[in-house]
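This is input16.cif (mmCIF, C-alpha atoms).
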data_query
#
loop_
_atom_site.group_PDB
_atom_site.id
_atom_site.type_symbol
_atom_site.label_atom_id
_atom_site.label_comp_id
_atom_site.auth_asym_id
_atom_site.auth_seq_id
_atom_site.Cartn_x
_atom_site.Cartn_y
_atom_site.Cartn_z
ATOM 1 C CA MET A 1 82.182 108.125 139.929
ATOM 2 C CA GLY A 2 82.841 104.561 138.756
ATOM 3 C CA GLU A 3 81.199 105.291 135.400
ATOM 4 C CA ARG A 4 83.419 108.349 134.886
ATOM 5 C CA THR A 5 86.492 106.293 135.704
ATOM 6 C CA GLN A 6 85.423 103.629 133.209
ATOM 7 C CA ARG A 7 84.866 106.283 130.520
ATOM 8 C CA GLY A 8 88.277 107.724 131.279
ATOM 9 C CA ARG A 9 89.908 104.327 130.819
ATOM 10 C CA VAL A 10 88.111 103.805 127.518
ATOM 11 C CA ALA A 11 89.157 107.278 126.353
ATOM 12 C CA ASP A 12 92.778 106.604 127.328
ATOM 13 C CA PHE A 13 92.706 103.265 125.504
ATOM 14 C CA LEU A 14 91.292 104.834 122.320
ATOM 15 C CA HIS A 15 93.826 107.658 122.521
ATOM 16 C CA ARG A 16 96.729 105.194 122.808
ATOM 17 C CA LEU A 17 95.283 103.052 120.021
ATOM 18 C CA ILE A 18 94.956 106.011 117.630
ATOM 19 C CA LYS A 19 98.435 107.247 118.512
ATOM 20 C CA GLU A 20 100.000 103.811 117.988
ATOM 21 C CA GLU A 21 98.094 102.894 114.811
ATOM 22 C CA LEU A 22 97.968 106.268 113.014
ATOM 23 C CA ASP A 23 101.326 105.581 111.406
ATOM 24 C CA THR A 24 100.031 102.159 110.327
ATOM 25 C CA LEU A 25 96.929 103.714 108.760
ATOM 26 C CA ILE A 26 98.965 106.245 106.769
ATOM 27 C CA SER A 27 101.581 103.695 105.720
ATOM 28 C CA THR A 28 99.091 101.015 104.639
ATOM 29 C CA THR A 29 96.972 103.532 102.718
ATOM 30 C CA ILE A 30 99.884 104.999 100.748
ATOM 31 C CA GLY A 31 101.425 101.569 100.261
ATOM 32 C CA THR A 32 98.193 100.123 98.880
ATOM 33 C CA VAL A 33 97.791 102.985 96.399
ATOM 34 C CA LEU A 34 101.354 102.460 95.153
ATOM 35 C CA THR A 35 100.919 98.698 94.716
ATOM 36 C CA CYS A 36 97.687 99.204 92.797
ATOM 37 C CA PHE A 37 99.361 101.793 90.575
ATOM 38 C CA SER A 38 102.244 99.408 89.902
ATOM 39 C CA ILE A 39 99.875 96.644 88.790
ATOM 40 C CA ILE A 40 97.763 98.771 86.446
ATOM 41 C CA ALA A 41 100.465 101.089 85.049
ATOM 42 C CA PHE A 42 103.427 98.715 84.772
ATOM 43 C CA MET A 43 102.184 95.118 84.671
ATOM 44 C CA VAL A 44 98.974 95.077 82.660
ATOM 45 C CA PRO A 45 100.065 97.307 79.697
ATOM 46 C CA TYR A 46 103.248 95.277 79.115
ATOM 47 C CA LYS A 47 101.671 91.873 79.858
ATOM 48 C CA PHE A 48 104.279 91.093 82.499
ATOM 49 C CA ALA A 49 103.799 87.933 84.539
ATOM 50 C CA SER A 50 103.801 88.044 88.324
ATOM 51 C CA GLY A 51 103.461 85.826 91.380
ATOM 52 C CA GLY A 52 100.814 85.288 94.036
ATOM 53 C CA VAL A 53 97.181 86.274 93.643
ATOM 54 C CA THR A 54 98.262 89.187 91.458
ATOM 55 C CA GLY A 55 99.869 86.722 89.046
ATOM 56 C CA VAL A 56 96.621 84.730 88.807
ATOM 57 C CA ALA A 57 94.663 87.966 88.269
ATOM 58 C CA LEU A 58 97.009 88.964 85.448
ATOM 59 C CA ILE A 59 96.621 85.576 83.727
ATOM 60 C CA THR A 60 92.814 85.923 83.726
ATOM 61 C CA ASN A 61 93.165 89.485 82.458
ATOM 62 C CA TYR A 62 95.435 88.511 79.572
ATOM 63 C CA LEU A 63 93.284 85.512 78.581
ATOM 64 C CA TRP A 64 89.764 86.857 78.997
ATOM 65 C CA GLY A 65 90.109 90.605 79.630
ATOM 66 C CA LEU A 66 88.801 90.276 83.189
ATOM 67 C CA SER A 67 89.749 93.231 85.376
ATOM 68 C CA PRO A 68 92.414 92.265 87.964
ATOM 69 C CA VAL A 69 90.291 93.854 90.691
ATOM 70 C CA TRP A 70 87.847 90.931 90.714
ATOM 71 C CA VAL A 71 90.356 88.124 91.082
ATOM 72 C CA ILE A 72 92.530 90.054 93.561
ATOM 73 C CA THR A 73 89.556 91.042 95.734
ATOM 74 C CA VAL A 74 87.846 87.645 95.733
ATOM 75 C CA GLY A 75 91.106 85.714 96.009
ATOM 76 C CA ASN A 76 92.405 87.778 98.922
ATOM 77 C CA ALA A 77 89.054 87.607 100.707
ATOM 78 C CA LEU A 78 88.864 83.808 100.413
ATOM 79 C CA LEU A 79 92.457 83.301 101.536
ATOM 80 C CA LEU A 80 91.992 85.678 104.463
ATOM 81 C CA LEU A 81 88.833 83.827 105.478
ATOM 82 C CA TRP A 82 90.708 80.513 105.265
ATOM 83 C CA GLY A 83 93.701 81.659 107.275
ATOM 84 C CA TRP A 84 91.924 83.931 109.772
ATOM 85 C CA HIS A 85 92.278 81.537 112.734
ATOM 86 C CA TYR A 86 96.031 81.232 112.245
ATOM 87 C CA LEU A 87 96.784 84.967 112.147
ATOM 88 C CA SER A 88 97.158 87.512 114.916
ATOM 89 C CA LEU A 89 94.117 89.772 115.283
ATOM 90 C CA ARG A 90 96.067 92.921 114.427
ATOM 91 C CA PHE A 91 97.662 91.386 111.319
ATOM 92 C CA ALA A 92 94.319 90.004 110.144
ATOM 93 C CA LEU A 93 92.445 93.308 110.617
ATOM 94 C CA TRP A 94 95.050 95.380 108.797
ATOM 95 C CA THR A 95 95.195 92.817 105.992
ATOM 96 C CA LEU A 96 91.403 93.040 105.744
ATOM 97 C CA TYR A 97 91.681 96.840 105.527
ATOM 98 C CA VAL A 98 94.282 96.588 102.747
ATOM 99 C CA THR A 99 92.132 94.053 100.871
ATOM 100 C CA ILE A 100 89.064 96.315 100.999
ATOM 101 C CA LEU A 101 91.103 99.392 100.063
ATOM 102 C CA THR A 102 92.667 97.526 97.130
ATOM 103 C CA SER A 103 89.213 96.663 95.775
ATOM 104 C CA LEU A 104 88.336 100.381 95.895
ATOM 105 C CA VAL A 105 91.606 101.803 94.564
ATOM 106 C CA LEU A 106 92.172 99.440 91.613
ATOM 107 C CA PRO A 107 89.030 100.533 89.676
ATOM 108 C CA VAL A 108 89.990 104.186 90.198
ATOM 109 C CA VAL A 109 93.539 103.615 88.948
ATOM 110 C CA GLU A 110 92.149 101.754 85.909
ATOM 111 C CA MET A 111 90.245 104.887 84.847
ATOM 112 C CA PHE A 112 93.397 106.735 83.795
ATOM 113 C CA GLN A 113 95.727 106.436 80.818
ATOM 114 C CA TYR A 114 99.453 106.221 81.520
ATOM 115 C CA PRO A 115 102.450 107.068 79.298
ATOM 116 C CA VAL A 116 103.873 104.043 77.523
ATOM 117 C CA ILE A 117 107.562 103.353 78.122
ATOM 118 C CA GLN A 118 109.024 102.041 74.880
ATOM 119 C CA GLU A 119 111.669 99.942 76.610
ATOM 120 C CA PRO A 120 110.052 97.095 78.613
ATOM 121 C CA LEU A 121 113.213 96.663 80.696
ATOM 122 C CA LEU A 122 112.838 100.189 82.090
ATOM 123 C CA ALA A 123 109.138 99.590 82.724
ATOM 124 C CA ALA A 124 109.947 96.417 84.688
ATOM 125 C CA ILE A 125 112.565 98.185 86.809
ATOM 126 C CA LEU A 126 110.392 101.239 87.488
ATOM 127 C CA GLY A 127 107.357 99.089 88.246
ATOM 128 C CA GLY A 128 109.429 96.955 90.609
ATOM 129 C CA ILE A 129 110.669 100.023 92.469
ATOM 130 C CA ILE A 130 107.205 101.554 92.853
ATOM 131 C CA GLY A 131 105.608 98.251 93.826
ATOM 132 C CA GLY A 132 108.472 97.505 96.226
ATOM 133 C CA ILE A 133 108.016 100.848 97.967
ATOM 134 C CA GLY A 134 104.311 100.108 98.347
ATOM 135 C CA TYR A 135 104.759 96.592 99.720
ATOM 136 C CA GLY A 136 107.630 97.782 101.904
ATOM 137 C CA MET A 137 105.366 100.376 103.503
ATOM 138 C CA LEU A 138 102.914 97.590 104.323
ATOM 139 C CA PHE A 139 105.491 95.181 105.702
ATOM 140 C CA ARG A 140 107.270 97.751 107.858
ATOM 141 C CA VAL A 141 104.106 98.201 109.972
ATOM 142 C CA ASP A 142 103.370 94.452 110.121
ATOM 143 C CA ALA A 143 100.541 94.497 107.589
ATOM 144 C CA SER A 144 100.243 92.767 104.239
ATOM 145 C CA SER A 145 98.370 92.863 100.962
ATOM 146 C CA GLY A 146 96.830 89.474 101.671
ATOM 147 C CA GLY A 147 97.138 86.663 99.153
ATOM 148 C CA MET A 148 100.216 84.481 99.540
ATOM 149 C CA ASP A 149 101.306 86.429 102.641
ATOM 150 C CA VAL A 150 98.262 84.996 104.423
ATOM 151 C CA VAL A 151 98.955 81.492 103.086
ATOM 152 C CA SER A 152 102.592 81.643 104.196
ATOM 153 C CA ALA A 153 101.796 83.014 107.660
ATOM 154 C CA ALA A 154 99.050 80.440 108.216
ATOM 155 C CA ALA A 155 101.235 77.594 106.925
ATOM 156 C CA ARG A 156 104.026 78.574 109.287
ATOM 157 C CA LYS A 157 101.705 78.407 112.306
ATOM 158 C CA ARG A 158 99.831 75.298 111.206
ATOM 159 C CA TRP A 159 102.609 73.163 109.736
ATOM 160 C CA GLY A 160 105.821 74.994 110.678
ATOM 161 C CA ALA A 161 106.611 75.652 107.015
ATOM 162 C CA ASP A 162 109.384 78.067 106.065
ATOM 163 C CA ILE A 163 107.774 81.279 104.769
ATOM 164 C CA GLY A 164 110.509 82.268 102.336
ATOM 165 C CA THR A 165 110.774 78.833 100.729
ATOM 166 C CA MET A 166 107.020 78.368 100.481
ATOM 167 C CA SER A 167 106.488 81.812 98.904
ATOM 168 C CA LEU A 168 109.267 81.103 96.396
ATOM 169 C CA TYR A 169 107.721 77.808 95.291
ATOM 170 C CA ILE A 170 104.224 79.256 94.994
ATOM 171 C CA ASN A 171 105.435 82.226 92.955
ATOM 172 C CA LEU A 172 107.481 79.972 90.671
ATOM 173 C CA VAL A 173 104.450 77.788 89.972
ATOM 174 C CA ILE A 174 102.308 80.822 89.130
ATOM 175 C CA LEU A 175 105.054 82.321 86.957
ATOM 176 C CA LEU A 176 105.363 79.058 85.017
ATOM 177 C CA ALA A 177 101.576 78.872 84.680
ATOM 178 C CA SER A 178 101.719 82.256 82.955
ATOM 179 C CA PHE A 179 102.979 80.426 79.843
ATOM 180 C CA VAL A 180 99.322 79.902 78.898
ATOM 181 C CA ALA A 181 98.863 83.668 78.522
ATOM 182 C CA VAL A 182 102.221 85.362 77.822
ATOM 183 C CA SER A 183 105.557 84.729 76.133
ATOM 184 C CA LEU A 184 108.806 83.600 77.765
ATOM 185 C CA GLU A 185 110.171 87.135 77.398
ATOM 186 C CA GLU A 186 107.253 88.624 79.305
ATOM 187 C CA ILE A 187 107.664 86.016 82.034
ATOM 188 C CA LEU A 188 111.339 86.947 82.358
ATOM 189 C CA PHE A 189 110.477 90.647 82.540
ATOM 190 C CA GLY A 190 107.920 89.807 85.230
ATOM 191 C CA ALA A 191 110.536 87.830 87.159
ATOM 192 C CA LEU A 192 112.921 90.800 86.902
ATOM 193 C CA MET A 193 110.192 93.105 88.205
ATOM 194 C CA LEU A 194 109.619 90.770 91.179
ATOM 195 C CA TYR A 195 113.359 90.723 91.893
ATOM 196 C CA VAL A 196 113.622 94.519 91.851
ATOM 197 C CA GLU A 197 110.484 94.664 93.975
ATOM 198 C CA THR A 198 112.046 92.344 96.578
ATOM 199 C CA LEU A 199 115.234 94.393 96.785
ATOM 200 C CA THR A 200 113.217 97.598 97.179
ATOM 201 C CA ILE A 201 111.037 96.053 99.906
ATOM 202 C CA ASP A 202 114.137 95.128 101.933
ATOM 203 C CA ASN A 203 115.528 98.658 101.621
ATOM 204 C CA VAL A 204 112.236 100.314 102.550
ATOM 205 C CA VAL A 205 111.625 98.078 105.571
ATOM 206 C CA HIS A 206 115.122 98.515 106.979
ATOM 207 C CA SER A 207 115.685 102.179 106.108
ATOM 208 C CA PHE A 208 112.982 103.315 108.547
ATOM 209 C CA HIS A 209 114.814 101.672 111.469
ATOM 210 C CA ARG A 210 118.450 102.117 110.442
ATOM 211 C CA ARG A 211 120.607 103.950 112.968
ATOM 212 C CA THR A 212 124.280 104.696 113.609
ATOM 213 C CA GLN A 213 126.106 103.274 116.604
ATOM 214 C CA ALA A 214 129.051 105.241 117.999
ATOM 215 C CA LEU A 215 131.613 103.789 120.403
ATOM 216 C CA ILE A 216 133.596 106.697 121.849
ATOM 217 C CA ILE A 217 136.912 106.327 123.701
ATOM 218 C CA SER A 218 138.022 109.642 125.164
ATOM 219 C CA GLY A 219 139.522 111.125 128.283
ATOM 220 C CA ARG A 220 136.749 113.697 128.207
ATOM 221 C CA ALA A 221 133.839 111.309 128.311
ATOM 222 C CA PRO A 222 131.823 113.352 130.876
ATOM 223 C CA GLU A 223 131.667 116.401 128.569
ATOM 224 C CA ILE A 224 130.746 114.261 125.571
ATOM 225 C CA LYS A 225 128.049 112.539 127.635
ATOM 226 C CA ASN A 226 126.572 115.902 128.628
ATOM 227 C CA TYR A 227 126.570 117.060 125.003
ATOM 228 C CA ILE A 228 124.769 113.890 123.890
ATOM 229 C CA MET A 229 122.127 114.220 126.602
ATOM 230 C CA THR A 230 121.536 117.988 126.465
ATOM 231 C CA ASP A 231 122.209 119.058 122.870
ATOM 232 C CA LEU A 232 121.342 115.879 120.987
ATOM 233 C CA GLU A 233 118.666 114.863 123.533
ATOM 234 C CA ARG A 234 119.840 111.259 123.485
ATOM 235 C CA THR A 235 121.113 108.930 126.165
ATOM 236 C CA ALA A 236 124.260 106.822 126.239
ATOM 237 C CA THR A 237 125.792 103.868 128.052
ATOM 238 C CA LEU A 238 129.032 104.244 130.024
ATOM 239 C CA ILE A 239 131.301 101.198 129.752
ATOM 240 C CA PRO A 240 134.299 100.816 132.121
ATOM 241 C CA ALA A 241 137.494 100.062 130.180
ATOM 242 C CA LYS A 242 141.279 100.145 130.473
ATOM 243 C CA GLY A 243 143.783 101.306 127.880
ATOM 244 C CA ALA A 244 146.199 98.537 126.849
ATOM 245 C CA TYR A 245 149.143 100.874 126.139
ATOM 246 C CA ARG A 246 148.997 103.145 129.206
ATOM 247 C CA ASP A 247 147.182 100.654 131.449
ATOM 248 C CA THR A 248 144.962 103.449 132.788
ATOM 249 C CA PRO A 249 141.234 103.138 133.515
ATOM 250 C CA LEU A 250 138.797 105.090 131.333
ATOM 251 C CA GLU A 251 135.169 105.152 130.280
ATOM 252 C CA MET A 252 133.789 104.377 126.852
ATOM 253 C CA LEU A 253 130.515 105.807 125.602
ATOM 254 C CA LEU A 254 128.077 103.739 123.578
ATOM 255 C CA VAL A 255 125.372 105.779 121.856
ATOM 256 C CA ILE A 256 122.796 105.062 119.132
ATOM 257 C CA LEU A 257 121.879 108.027 116.935
ATOM 258 C CA PRO A 258 119.726 108.855 113.928
ATOM 259 C CA ARG A 259 122.057 109.380 110.985
ATOM 260 C CA ARG A 260 121.257 113.093 110.790
ATOM 261 C CA GLN A 261 122.858 113.666 114.221
ATOM 262 C CA VAL A 262 126.139 111.901 113.458
ATOM 263 C CA ALA A 263 127.740 114.948 111.828
ATOM 264 C CA SER A 264 126.945 117.124 114.872
ATOM 265 C CA LEU A 265 128.558 114.591 117.209
ATOM 266 C CA LYS A 266 131.642 114.372 114.997
ATOM 267 C CA ARG A 267 132.095 118.155 114.972
ATOM 268 C CA TYR A 268 131.746 118.404 118.740
ATOM 269 C CA ILE A 269 134.234 115.608 119.475
ATOM 270 C CA ALA A 270 136.724 117.025 116.959
ATOM 271 C CA SER A 271 136.631 120.436 118.666
ATOM 272 C CA LEU A 272 136.690 119.033 122.209
ATOM 273 C CA ASP A 273 139.158 116.147 121.969
ATOM 274 C CA PRO A 274 140.991 115.615 118.651
ATOM 275 C CA THR A 275 142.765 112.598 120.207
ATOM 276 C CA ALA A 276 139.486 110.736 120.801
ATOM 277 C CA PHE A 277 139.011 107.354 119.195
ATOM 278 C CA VAL A 278 135.519 106.854 117.747
ATOM 279 C CA ILE A 279 134.047 103.851 115.940
ATOM 280 C CA PHE A 280 130.928 104.413 113.840
ATOM 281 C CA SER A 281 128.880 101.484 112.548
ATOM 282 C CA GLU A 282 125.480 101.102 110.936
ATOM 283 C CA VAL A 283 122.807 99.092 112.758
ATOM 284 C CA SER A 284 119.755 97.819 110.913
ATOM 285 C CA GLU A 285 117.322 98.007 113.823
ATOM 286 C CA VAL A 286 117.137 99.238 117.415
ATOM 287 C CA VAL A 287 114.321 98.153 119.729
ATOM 288 C CA GLY A 288 113.691 99.866 123.055
ATOM 289 C CA GLU A 289 112.745 103.161 124.654
ATOM 290 C CA GLY A 290 113.372 106.102 122.347
ATOM 291 C CA PHE A 291 113.465 103.878 119.266
ATOM 292 C CA LYS A 292 111.253 101.145 117.853
ATOM 293 C CA SER A 293 108.600 99.868 120.246
ATOM 294 C CA TRP A 294 108.701 96.222 121.349
ATOM 295 C CA LEU A 295 105.070 96.062 120.212
ATOM 296 C CA ARG A 296 106.295 96.431 116.628
ATOM 297 C CA ALA A 297 109.441 94.312 116.959
#

Show me the file's structure as structure tokens.
Amino acid sequence: MGERTQRGRVADFLHRLIKEELDTLISTTIGTVLTCFSIIAFMVPYKFASGGVTGVALITNYLWGLSPVWVITVGNALLLLWGWHYLSLRFALWTLYVTILTSLVLPVVEMFQYPVIQEPLLAAILGGIIGGIGYGMLFRVDASSGGMDVVSAAARKRWGADIGTMSLYINLVILLASFVAVSLEEILFGALMLYVETLTIDNVVHSFHRRTQALIISGRAPEIKNYIMTDLERTATLIPAKGAYRDTPLEMLLVILPRRQVASLKRYIASLDPTAFVIFSEVSEVVGEGFKSWLRA
């Protein structure tokens, strides 16, 4: 009986683990493929400079024709080994997965020929967007591609260093070091690609968690509450309030909705109470039951 109970607990744990980490597996896999594609299709052919371990791999490729896969794989592995003790177990394991997957995907991506974009500016922008989507998919599930992400995370825990500032300085040094292999123009195009990549990462990370907050002031709050809970299958918070003009007590409704449900709520309120006062605002992230788990916050 005790053995069956133990097996049941193990099965429940594995079931929860698979359910919680399946999204991470899908996101890290797709993200890694996109970042590899960005490197091979948009950096190497145009000799763009870059930052981090990728930047070092590109310098060795431009100087000696060495495939980026070797430097990226070995560099990420060494940095992950160095910073392992300073990282959370989950972050370290997913970074290890991404590092191994990168070493497998890069040689495959290198096997294909890609159309050449005659205008390098367009190549830098497109490469930045694709790479940014890939890295954003990694960051949104608390994983990374390794490299300078590991250095920054370890430095923050060991010395209390600021991640953003440290990453900026490291990338600047590597970009400047690219002078030994590429021209100033190619360095500037690489810097532009990194900038576009950063903007795209921010949009990808936040777009998955963005919601709309509605603050509803209406004399028919009970009906609106029922509509939210039954038709939209959401919950709401009732806030006691008092109107300043009429000095009468009333209830306000505070509700957080996915953006796709906002139009339905607007139509219902307009048909039920055209005198209602509603404030809509965008929120970048919501943590709690029904939204993002505290485990991923």

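For the pair CA of Phe139 (chain A) and CA of Phe42 (chain A), the separation is 21.3 Å.
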
Exercise. Using all atoms listed in the file, which of A:Leu58, A:Leu138, A:Leu79, A:Leu215 sits nearest Ile256 (chain A)?
Worked result: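 For Ile256 (chain A), the nearest of the candidates is A:Leu215.
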
Exercise. Can you list, as JSON, numbers by chain, every protein, DNA or RNA residue that comes within 9 Å of region 265-268 of chain A when you count only C-alpha atoms, leaving out same-chain residues fewer than 4 positions away?
Worked result: {"A": [224, 227, 228, 232, 261, 272, 273, 278]}

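Note that the spacing between CA of His206 (chain A) and CA of Gly31 (chain A) amounts to 15.6 Å.
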
For this session: List the residues selected by the PyMOL selection byres ((chain A and resi 130) around 8) in the file shown, writing them as a ChimeraX atom specification.
Result: /A:34-35,38,126-129,131-134,197

Problem set entry | Residues returned when the PyMOL selection byres ((chain A and resi 96) around 9) runs on this file, as a PyMOL selection string | chain A and resi 76-77+80+91-95+97-101+144-146

Exercise. Which residues come within 7 Å of Val53 (chain A), counting all atoms listed in the file, excluding same-chain residues fewer than 4 positions away, as a VMD selection string?
Worked result: chain A and resid 57 72 75 147 to 148

Exercise. In Å, with one decimal, what is the gap from CA of Leu253 (chain A) to CA of Lys225 (chain A)?
Worked result: 7.5 Å

Problem set entry | Long-range neighbours of Gly52 (chain A) as a list in words, 6 Å cut-off, only C-alpha atoms, 2 positions minimum in chain | Thr54, Gly55, Met148 and Asn171 of chain A

For this session: Might you spell out which residues the PyMOL selection byres ((chain A and resi 116) around 10) would select in the displayed file, as a ChimeraX atom specification?
Result: /A:41-42,45-46,113-115,117-120,123

Could you take the residues named above and write them with C-alpha atoms, as an mmCIF file, keeping the file's coordinate frame?
data_model
loop_
_atom_site.group_PDB
_atom_site.id
_atom_site.type_symbol
_atom_site.label_atom_id
_atom_site.label_comp_id
_atom_site.auth_asym_id
_atom_site.auth_seq_id
_atom_site.Cartn_x
_atom_site.Cartn_y
_atom_site.Cartn_z
ATOM 1 C CA ALA A 41 100.465 101.089 85.049
ATOM 2 C CA PHE A 42 103.427 98.715 84.772
ATOM 3 C CA PRO A 45 100.065 97.307 79.697
ATOM 4 C CA TYR A 46 103.248 95.277 79.115
ATOM 5 C CA GLN A 113 95.727 106.436 80.818
ATOM 6 C CA TYR A 114 99.453 106.221 81.520
ATOM 7 C CA PRO A 115 102.450 107.068 79.298
ATOM 8 C CA ILE A 117 107.562 103.353 78.122
ATOM 9 C CA GLN A 118 109.024 102.041 74.880
ATOM 10 C CA GLU A 119 111.669 99.942 76.610
ATOM 11 C CA PRO A 120 110.052 97.095 78.613
ATOM 12 C CA ALA A 123 109.138 99.590 82.724
#

Problem set entry | Closest of A:Leu22, A:Ala270, A:Val255, A:Ile217 to Val283 (chain A) - atom-to-atom distances counting only C-alpha atoms |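 Of all the options, A:Val255 lies closest to Val283 (chain A).
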
For this session: Check the smallest atom-to-atom distance from each of A:Leu238, A:Met43, A:Val33, A:Val150 to Leu81 (chain A) using all atoms listed in the file, then report the winner.
Result: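 Looking at the shortest contact to Leu81 (chain A), the residue is A:Val150.
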
Reconstructed region 279-286 of chain A, atom set all heavy atoms, as a PDB file, in the frame of the given file:
ATOM      1  N   ILE A 279     134.426 104.864 116.931  1.00  0.00           N
ATOM      2  CA  ILE A 279     134.047 103.851 115.940  1.00  0.00           C
ATOM      3  C   ILE A 279     132.575 104.059 115.592  1.00  0.00           C
ATOM      4  O   ILE A 279     131.716 104.042 116.471  1.00  0.00           O
ATOM      5  CB  ILE A 279     134.245 102.427 116.501  1.00  0.00           C
ATOM      6  CG1 ILE A 279     135.704 102.220 116.923  1.00  0.00           C
ATOM      7  CG2 ILE A 279     133.842 101.378 115.462  1.00  0.00           C
ATOM      8  CD1 ILE A 279     135.931 100.927 117.687  1.00  0.00           C
ATOM      9  N   PHE A 280     132.299 104.272 114.314  1.00  0.00           N
ATOM     10  CA  PHE A 280     130.928 104.413 113.840  1.00  0.00           C
ATOM     11  C   PHE A 280     130.557 103.161 113.046  1.00  0.00           C
ATOM     12  O   PHE A 280     131.321 102.685 112.215  1.00  0.00           O
ATOM     13  CB  PHE A 280     130.779 105.639 112.938  1.00  0.00           C
ATOM     14  CG  PHE A 280     130.949 106.951 113.654  1.00  0.00           C
ATOM     15  CD1 PHE A 280     132.155 107.633 113.599  1.00  0.00           C
ATOM     16  CD2 PHE A 280     129.910 107.506 114.371  1.00  0.00           C
ATOM     17  CE1 PHE A 280     132.323 108.842 114.251  1.00  0.00           C
ATOM     18  CE2 PHE A 280     130.063 108.713 115.035  1.00  0.00           C
ATOM     19  CZ  PHE A 280     131.273 109.385 114.971  1.00  0.00           C
ATOM     20  N   SER A 281     129.357 102.644 113.300  1.00  0.00           N
ATOM     21  CA  SER A 281     128.880 101.484 112.548  1.00  0.00           C
ATOM     22  C   SER A 281     127.379 101.605 112.355  1.00  0.00           C
ATOM     23  O   SER A 281     126.667 102.156 113.197  1.00  0.00           O
ATOM     24  CB  SER A 281     129.227 100.180 113.273  1.00  0.00           C
ATOM     25  OG  SER A 281     128.689 100.171 114.586  1.00  0.00           O
ATOM     26  N   GLU A 282     126.907 101.073 111.239  1.00  0.00           N
ATOM     27  CA  GLU A 282     125.480 101.102 110.936  1.00  0.00           C
ATOM     28  C   GLU A 282     124.782  99.917 111.602  1.00  0.00           C
ATOM     29  O   GLU A 282     125.285  98.792 111.575  1.00  0.00           O
ATOM     30  CB  GLU A 282     125.259 101.048 109.428  1.00  0.00           C
ATOM     31  CG  GLU A 282     125.754 102.271 108.677  1.00  0.00           C
ATOM     32  CD  GLU A 282     124.995 103.533 109.047  1.00  0.00           C
ATOM     33  OE1 GLU A 282     123.755 103.463 109.151  1.00  0.00           O
ATOM     34  OE2 GLU A 282     125.641 104.572 109.235  1.00  0.00           O
ATOM     35  N   VAL A 283     123.632 100.160 112.202  1.00  0.00           N
ATOM     36  CA  VAL A 283     122.807  99.092 112.758  1.00  0.00           C
ATOM     37  C   VAL A 283     121.471  99.098 112.033  1.00  0.00           C
ATOM     38  O   VAL A 283     120.907 100.158 111.755  1.00  0.00           O
ATOM     39  CB  VAL A 283     122.613  99.254 114.289  1.00  0.00           C
ATOM     40  CG1 VAL A 283     123.931  99.051 115.004  1.00  0.00           C
ATOM     41  CG2 VAL A 283     122.062 100.628 114.634  1.00  0.00           C
ATOM     42  N   SER A 284     120.971  97.910 111.723  1.00  0.00           N
ATOM     43  CA  SER A 284     119.755  97.819 110.913  1.00  0.00           C
ATOM     44  C   SER A 284     118.484  98.072 111.710  1.00  0.00           C
ATOM     45  O   SER A 284     117.463  98.475 111.160  1.00  0.00           O
ATOM     46  CB  SER A 284     119.667  96.438 110.249  1.00  0.00           C
ATOM     47  OG  SER A 284     119.616  95.414 111.227  1.00  0.00           O
ATOM     48  N   GLU A 285     118.541  97.851 113.031  1.00  0.00           N
ATOM     49  CA  GLU A 285     117.322  98.007 113.823  1.00  0.00           C
ATOM     50  C   GLU A 285     117.690  98.169 115.295  1.00  0.00           C
ATOM     51  O   GLU A 285     118.613  97.523 115.788  1.00  0.00           O
ATOM     52  CB  GLU A 285     116.419  96.791 113.638  1.00  0.00           C
ATOM     53  CG  GLU A 285     115.064  96.907 114.302  1.00  0.00           C
ATOM     54  CD  GLU A 285     114.172  95.717 113.986  1.00  0.00           C
ATOM     55  OE1 GLU A 285     114.684  94.725 113.437  1.00  0.00           O
ATOM     56  OE2 GLU A 285     112.973  95.782 114.291  1.00  0.00           O
ATOM     57  N   VAL A 286     116.951  99.036 115.978  1.00  0.00           N
ATOM     58  CA  VAL A 286     117.137  99.238 117.415  1.00  0.00           C
ATOM     59  C   VAL A 286     115.760  99.178 118.061  1.00  0.00           C
ATOM     60  O   VAL A 286     114.843  99.915 117.674  1.00  0.00           O
ATOM     61  CB  VAL A 286     117.798 100.593 117.734  1.00  0.00           C
ATOM     62  CG1 VAL A 286     118.035 100.715 119.238  1.00  0.00           C
ATOM     63  CG2 VAL A 286     119.108 100.745 116.980  1.00  0.00           C
TER      64      VAL A 286
END
